[in-house]
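Asks: Next up is a structure, given as structure tokens.
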Amino acid sequence: MKKKRKFKAPNTYVIIFYVLVLVAILTWIIPSGSYSYDKAGKVIANSYHSVATNRQGFWDIVMAPIIGMVGNEKVSGAITISLNVMLFGSFLEMMDATGAINIALKNVAKKYQKNYYVLITVLTFLMGIFGTVQGAYEEGFVYLLMFLPIILSLGLDTIVALMIVIFGTQAGCAASIVNPFSTGIASGLAGISPGEGIIFRAITFIILMTLCSAMICLYAKSIKNNPEKSVQFFRKKEDLEEFAKSDAGKQKLDSKQRKIFIIFILTFLIMIVSLVPWTSLNKNWTFFVNATKWLNNNLITGTILGHNLVPFGNWYFNKINGLLIVMTILSGLVMGYDIDKIIQIFIRGAASLVSTAFIVPLARGIQVLMTEGNITDTILNSTQKTLGTLPPIIFILVCFLVYILLATFIPSSTGLAAATISIMVPLGMFAGISAANMVVIYNFALGFVKLIAPTSIIVMTCTQAVHVTYGAWLKASWKYTLGYLAMLILLLVVSVFVI
């Protein structure tokens with residue numbers, strides 16, 4: 001008897017390749033056209049006109065990702081973004097090699113274990129920080145297994161631990177203040193600095209993390225008072241026996257690891273401060289500009305550091321990449337690693353994210369084919385007459401719904417950004433929605449879908465690790481998910497007026 005073949009969703013590379021082929025075919029079907037642009041690169045209203053057809057073929061499909069990587073006169077290259085992804089891999093690999101972050105998390109959990117409200121809030125915010133600065137996702141089950149013994153020992157259930165990790169990391173990802181794998185890549189593809197919209201994203205982070213902490217505390221209180229209400233009550237004894245074991249591993253940070261933890265925090269603080277457009281927010285905020293001029297012009301600092309320092313507020317991918325290189329090597333030196341070991345860790349971390357880094361130029365190839373085929377403006381002109389005529393608030397909610405559907409099938413933040421941003425951002429421009437706002441919509445959709453979708457790696461791996469069925473997770477979390485969704489929609493409406 002033949003076994004039925006189960007459907008297996010294609011990976012992101014295959015999906016994007018299919019899109020490349022589809023776009024090439026569309027250049028044979030869709031009429032070619034173009035808008036006129038002013039000196040600032042903005043579209044001139046009602047300037048759409050027909051241009052010569054330039055149909056794309058097999059060789060154009062082959063060349064599109066290559067041009068997407070290095071760029072040409074029409075499309076900027078994605079190599080800086082790809083390098084940023086790999087260098088983040090190096091930095092995170094170094095943090096993991098030192099063990100500082102894992103030990104620090106365990107210590108925080110134990111410090112607040114007597115008051116479960118404080119414990120839940122602290123751990124949820126910590127997970128949110130990991131989500132918003134490094135896009136914590138696949139590694140969620142590692143944090144889950146760290147926290148679970150303490151959560152169960154307090155008389156709570158595995159769902160509480162799941163909520164802390166899944167809601168915490170994904171609410172952080174929804175805000176993505178400086179997440180290089182979503183905001184960083186999406187902003188790069190949109191042609192804007194990751195600093196645009198950062199103030200709104202920071203406020204969003206605080207609101208979402210506060211909401212999630214409160215919801216998890218409410219759930220924990222109900223389970224504490226009535227344990228039988230838990231969907232996992234039937235295996236409470238088994239969970240205690242399996243997960244509530246004492247941890248005999250290293251419990252304290254040594255002096256070197258404490259320094260590494262400081263470097264970790266300092267790296268992300270510098271990133272945030274460097275990406276905030278200070279002078280754009282207030283023309284009188286010139287401290288960083290003045291300080292940088294002094295450093296550049298000073299004989300000693302100018303000689304040692306060079307004369308080309310860029311002030312905080314004007315940093316972009318190249319400067320962040322330089323910061324990551326310095327901090328990765330510095331961390332290795334602090335730990336006393338020899339240069340060979342540092343380089344090995346550096347390369348291993350970068351290699352772990354090569355597959356992610358390669359998605360960016362592959363998907364940038366979509367923009368290359370559309371641009372070379374002269375159909376981008378034709379599509380925009382058509383959509384301008386439909387979605388582009390919607391009021392901004394209606395438009396942003398429709399885009400949010402579209403992105404939820406897309407994110408369900410392409411839960412990769414890198415793949416989703418690369419496949420859609422170059423199309424959605426110009427479309428939003430016609431509706432009066434900024435590029436930074438479109439990045440927020442994209443982040444919100446991912447941050448919602450990854451809470452509940454069966455395509456979400458963090459949901460499926462975490463629930464499986466603690467013997468919770470997918471149905472049980474939905475049953476336990478659906479009310480809180482709806483509350484979270486309502487807050488996302490409210491924040492999107494507000495974003496129309498503030499970004």
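Letters A, B, ... go to the chains of the structure tokens in the order shown; residues in each chain start at 1; ligands are counted from 1 in the same order.
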From segment 98-229 of chain A, collect each residue whose DSSP state is helix (DSSP H, G or I) and return the set as number ranges by chain.
Replies: A: 98, 100-111, 116-134, 140-153, 158-175, 180-190, 198-225, 227-229
Asks: List the spatial neighbours of segment 410-414 of chain A as a PyMOL selection string - criterion: any atom at most 10 Å away, only C-alpha atoms, same-chain residues fewer than 5 positions off excluded.
Replies: chain A and resi 9-12+15-16+85+135+173+180-186+356-360+363+403-405+419+442-443+445-447+449-450+453+455-457
Asks: Write out the residues from the selection above, keeping N, CA, C and O atoms, as a CSV table (one decimal), in the first residue's frame.
Replies:
chain,number,residue,atom,x,y,z
A,9,ALA,N,5.6,22.6,2.4
A,9,ALA,CA,5.7,23.9,1.9
A,9,ALA,C,7.1,24.2,1.4
A,9,ALA,O,8.1,23.8,2.0
A,10,PRO,N,7.3,24.8,0.2
A,10,PRO,CA,8.6,25.1,-0.3
A,10,PRO,C,9.3,26.1,0.6
A,10,PRO,O,8.7,26.9,1.2
A,11,ASN,N,10.7,26.0,0.6
A,11,ASN,CA,11.4,27.0,1.4
A,11,ASN,C,11.4,28.4,0.8
A,11,ASN,O,10.9,28.5,-0.4
A,12,THR,N,11.9,29.3,1.5
A,12,THR,CA,11.9,30.7,1.1
A,12,THR,C,12.6,30.9,-0.3
A,12,THR,O,12.1,31.7,-1.1
A,15,ILE,N,10.3,29.8,-3.1
A,15,ILE,CA,9.2,30.7,-3.2
A,15,ILE,C,9.6,32.0,-4.0
A,15,ILE,O,9.0,32.4,-4.9
A,16,ILE,N,10.8,32.5,-3.6
A,16,ILE,CA,11.2,33.7,-4.2
A,16,ILE,C,11.6,33.5,-5.7
A,16,ILE,O,11.4,34.3,-6.6
A,85,VAL,N,23.6,41.2,8.2
A,85,VAL,CA,23.1,40.0,8.7
A,85,VAL,C,24.2,39.0,9.2
A,85,VAL,O,24.1,38.5,10.3
A,135,GLY,N,15.7,39.9,16.9
A,135,GLY,CA,14.7,39.1,16.2
A,135,GLY,C,14.6,37.6,16.8
A,135,GLY,O,14.5,36.7,16.0
A,173,CYS,N,9.4,41.5,18.5
A,173,CYS,CA,9.6,41.6,17.1
A,173,CYS,C,8.6,42.5,16.4
A,173,CYS,O,9.0,43.1,15.4
A,180,PRO,N,17.7,43.8,13.2
A,180,PRO,CA,18.4,43.9,11.9
A,180,PRO,C,17.8,42.9,10.9
A,180,PRO,O,17.9,43.1,9.7
A,181,PHE,N,17.1,41.9,11.3
A,181,PHE,CA,16.5,40.9,10.5
A,181,PHE,C,15.1,41.3,9.9
A,181,PHE,O,14.6,40.6,9.1
A,182,SER,N,14.5,42.3,10.5
A,182,SER,CA,13.2,42.8,10.0
A,182,SER,C,13.3,44.3,9.6
A,182,SER,O,13.3,44.7,8.5
A,183,THR,N,13.3,45.1,10.7
A,183,THR,CA,13.4,46.5,10.5
A,183,THR,C,14.7,46.9,9.6
A,183,THR,O,14.6,47.7,8.7
A,184,GLY,N,15.8,46.3,10.0
A,184,GLY,CA,17.0,46.6,9.2
A,184,GLY,C,16.9,46.3,7.8
A,184,GLY,O,17.2,47.2,6.9
A,185,ILE,N,16.5,45.1,7.5
A,185,ILE,CA,16.4,44.7,6.1
A,185,ILE,C,15.3,45.4,5.4
A,185,ILE,O,15.5,45.9,4.2
A,186,ALA,N,14.1,45.5,6.0
A,186,ALA,CA,13.0,46.2,5.4
A,186,ALA,C,13.3,47.6,5.1
A,186,ALA,O,13.0,48.2,4.0
A,356,THR,N,20.4,33.2,5.3
A,356,THR,CA,19.5,34.3,5.5
A,356,THR,C,20.0,35.5,4.7
A,356,THR,O,19.3,36.2,4.0
A,357,ALA,N,21.4,35.7,4.7
A,357,ALA,CA,22.0,36.9,4.0
A,357,ALA,C,21.7,36.7,2.5
A,357,ALA,O,21.6,37.8,1.8
A,358,PHE,N,21.7,35.5,1.9
A,358,PHE,CA,21.6,35.3,0.5
A,358,PHE,C,20.1,35.6,0.0
A,358,PHE,O,19.9,35.8,-1.1
A,359,ILE,N,19.2,35.5,1.0
A,359,ILE,CA,17.8,35.7,0.6
A,359,ILE,C,17.6,37.2,0.1
A,359,ILE,O,16.9,37.5,-0.8
A,360,VAL,N,18.4,38.1,0.7
A,360,VAL,CA,18.2,39.5,0.4
A,360,VAL,C,18.5,39.9,-1.0
A,360,VAL,O,17.6,40.4,-1.7
A,363,ALA,N,15.9,38.1,-3.4
A,363,ALA,CA,14.6,38.8,-3.5
A,363,ALA,C,14.8,40.2,-4.1
A,363,ALA,O,13.8,40.7,-4.7
A,403,TYR,N,-0.7,41.7,4.7
A,403,TYR,CA,0.6,41.3,5.2
A,403,TYR,C,0.4,40.1,6.2
A,403,TYR,O,1.2,39.2,6.2
A,404,ILE,N,-0.7,40.0,6.9
A,404,ILE,CA,-1.0,38.9,7.7
A,404,ILE,C,-1.1,37.6,6.9
A,404,ILE,O,-0.6,36.6,7.2
A,405,LEU,N,-1.8,37.7,5.8
A,405,LEU,CA,-2.0,36.6,4.9
A,405,LEU,C,-0.7,36.2,4.3
A,405,LEU,O,-0.3,35.0,4.2
A,419,ALA,N,10.6,40.2,-0.5
A,419,ALA,CA,9.6,39.9,-1.6
A,419,ALA,C,8.5,40.9,-1.7
A,419,ALA,O,7.9,41.0,-2.8
A,442,TYR,N,4.4,45.9,8.3
A,442,TYR,CA,5.1,44.6,8.0
A,442,TYR,C,5.5,43.9,9.3
A,442,TYR,O,5.3,42.7,9.5
A,443,ASN,N,6.1,44.7,10.2
A,443,ASN,CA,6.6,44.2,11.5
A,443,ASN,C,5.4,43.7,12.3
A,443,ASN,O,5.4,42.6,13.0
A,445,ALA,N,2.4,42.7,11.4
A,445,ALA,CA,1.8,41.4,10.8
A,445,ALA,C,2.7,40.2,11.2
A,445,ALA,O,2.1,39.2,11.6
A,446,LEU,N,4.0,40.3,11.1
A,446,LEU,CA,4.9,39.2,11.5
A,446,LEU,C,4.7,38.9,13.0
A,446,LEU,O,4.7,37.8,13.4
A,447,GLY,N,4.7,40.0,13.8
A,447,GLY,CA,4.6,39.8,15.2
A,447,GLY,C,3.3,39.2,15.7
A,447,GLY,O,3.2,38.7,16.8
A,449,VAL,N,1.3,37.1,13.4
A,449,VAL,CA,1.2,35.7,12.8
A,449,VAL,C,2.0,34.7,13.6
A,449,VAL,O,1.6,33.5,13.7
A,450,LYS,N,3.2,35.1,14.0
A,450,LYS,CA,4.1,34.2,14.7
A,450,LYS,C,3.6,33.8,16.1
A,450,LYS,O,4.3,32.9,16.7
A,453,ALA,N,0.3,31.0,14.1
A,453,ALA,CA,0.3,30.3,12.8
A,453,ALA,C,1.0,28.9,13.0
A,453,ALA,O,2.0,28.8,13.6
A,455,THR,N,2.7,27.7,10.8
A,455,THR,CA,4.0,27.9,10.1
A,455,THR,C,5.0,28.6,11.0
A,455,THR,O,6.2,28.8,10.5
A,456,SER,N,4.6,29.0,12.2
A,456,SER,CA,5.6,29.7,13.1
A,456,SER,C,6.5,28.7,13.8
A,456,SER,O,6.0,27.8,14.5
A,457,ILE,N,7.8,28.8,13.5
A,457,ILE,CA,8.8,27.9,14.1
A,457,ILE,C,8.7,28.0,15.6
A,457,ILE,O,8.8,26.9,16.3
Asks: Would you pick out the contacts of segment 223-237 of chain A at 8 Å or less, using only C-alpha atoms, so that residues sharing its chain but fewer than 2 positions from it are not included, and give the list as a ChimeraX atom specification?
Replies: /A:155-159,219-221,239-241,468,472,475-476
Asks: Within 12 Å of Asn72 of chain A, counting only C-alpha atoms, which residues qualify if same-chain residues fewer than 4 places away don't, as a tab-separated table (two decimals) with N, CA and C atoms, in the first residue's frame?
Replies:
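Result file is part_22.tsv:
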chain	number	residue	atom	x	y	z
A	63	MET	N	20.63	36.70	-13.89
A	63	MET	CA	21.42	37.87	-13.52
A	63	MET	C	20.77	38.73	-12.45
A	64	ALA	N	19.45	38.64	-12.29
A	64	ALA	CA	18.72	39.52	-11.38
A	64	ALA	C	19.25	39.47	-9.94
A	65	PRO	N	19.44	38.28	-9.32
A	65	PRO	CA	19.97	38.26	-7.95
A	65	PRO	C	21.40	38.79	-7.87
A	66	ILE	N	22.19	38.59	-8.93
A	66	ILE	CA	23.56	39.09	-8.93
A	66	ILE	C	23.56	40.62	-8.94
A	67	ILE	N	22.74	41.18	-9.81
A	67	ILE	CA	22.59	42.64	-9.83
A	67	ILE	C	21.98	43.12	-8.52
A	68	GLY	N	21.07	42.30	-7.96
A	68	GLY	CA	20.47	42.64	-6.67
A	68	GLY	C	21.50	42.74	-5.57
A	76	SER	N	19.83	49.87	-6.13
A	76	SER	CA	20.97	49.82	-5.21
A	76	SER	C	21.25	48.39	-4.78
A	77	GLY	N	22.52	48.06	-4.56
A	77	GLY	CA	22.91	46.71	-4.18
A	77	GLY	C	22.55	46.38	-2.74
A	78	ALA	N	22.34	45.09	-2.49
A	78	ALA	CA	21.95	44.63	-1.16
A	78	ALA	C	23.13	44.10	-0.35
A	364	ARG	N	15.89	40.87	-3.89
A	364	ARG	CA	16.11	42.17	-4.53
A	364	ARG	C	16.05	42.01	-6.04
A	365	GLY	N	16.33	40.79	-6.53
A	365	GLY	CA	16.22	40.50	-7.95
A	365	GLY	C	14.83	40.73	-8.49
A	367	GLN	N	12.90	43.22	-7.69
A	367	GLN	CA	12.89	44.64	-8.02
A	367	GLN	C	13.68	44.91	-9.30
A	368	VAL	N	14.79	44.18	-9.46
A	368	VAL	CA	15.61	44.35	-10.67
A	368	VAL	C	14.80	44.00	-11.92
A	371	THR	N	12.04	46.55	-12.55
A	371	THR	CA	12.58	47.84	-13.00
A	371	THR	C	13.09	47.75	-14.43
A	372	GLU	N	13.87	46.70	-14.72
A	372	GLU	CA	14.40	46.53	-16.07
A	372	GLU	C	13.28	46.25	-17.07
Asks: Using only C-alpha atoms for the distances, tell me which of A:Ile375, A:Val466, A:Leu269, A:Ile300 is nearest to Ser50 of chain A.
Replies: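 Using only C-alpha atoms, the shortest distance to Ser50 of chain A belongs to A:Ile375.
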Asks: Rank nothing, just name the residue among A:Ile347, A:Ile329, A:Val398, A:Leu324 nearest to Met438 of chain A, using only C-alpha atoms.
Replies: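 The closest residue to Met438 of chain A is A:Val398.
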Asks: Calculated over only C-alpha atoms, which of the candidates A:Val108, A:Leu211, A:Ile206, A:Val142 has the smallest distance to Leu253 of chain A?
Replies: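 Looking at the shortest contact to Leu253 of chain A, the residue is A:Val108.
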Asks: Would you mind writing down, as a PyMOL selection string, each residue of segment 23-229 of chain A that DSSP on the backbone assigns to strand (DSSP E or B)?
Replies: chain A and resi 33-34+37+43+49-50+71+76
Asks: Taking only C-alpha atoms into account, name the residue in A:Ile499, A:Leu145, A:Thr481, A:Phe17 that is nearest to Val62 of chain A.
Replies: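 Among the listed residues, A:Phe17 lies closest to Val62 of chain A.
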Asks: Given only C-alpha atoms as the basis, pick out the residue of A:Ser187, A:Thr328, A:Thr386, A:Ser495 nearest to Gly349 of chain A.
Replies: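 The closest residue to Gly349 of chain A is A:Thr328.
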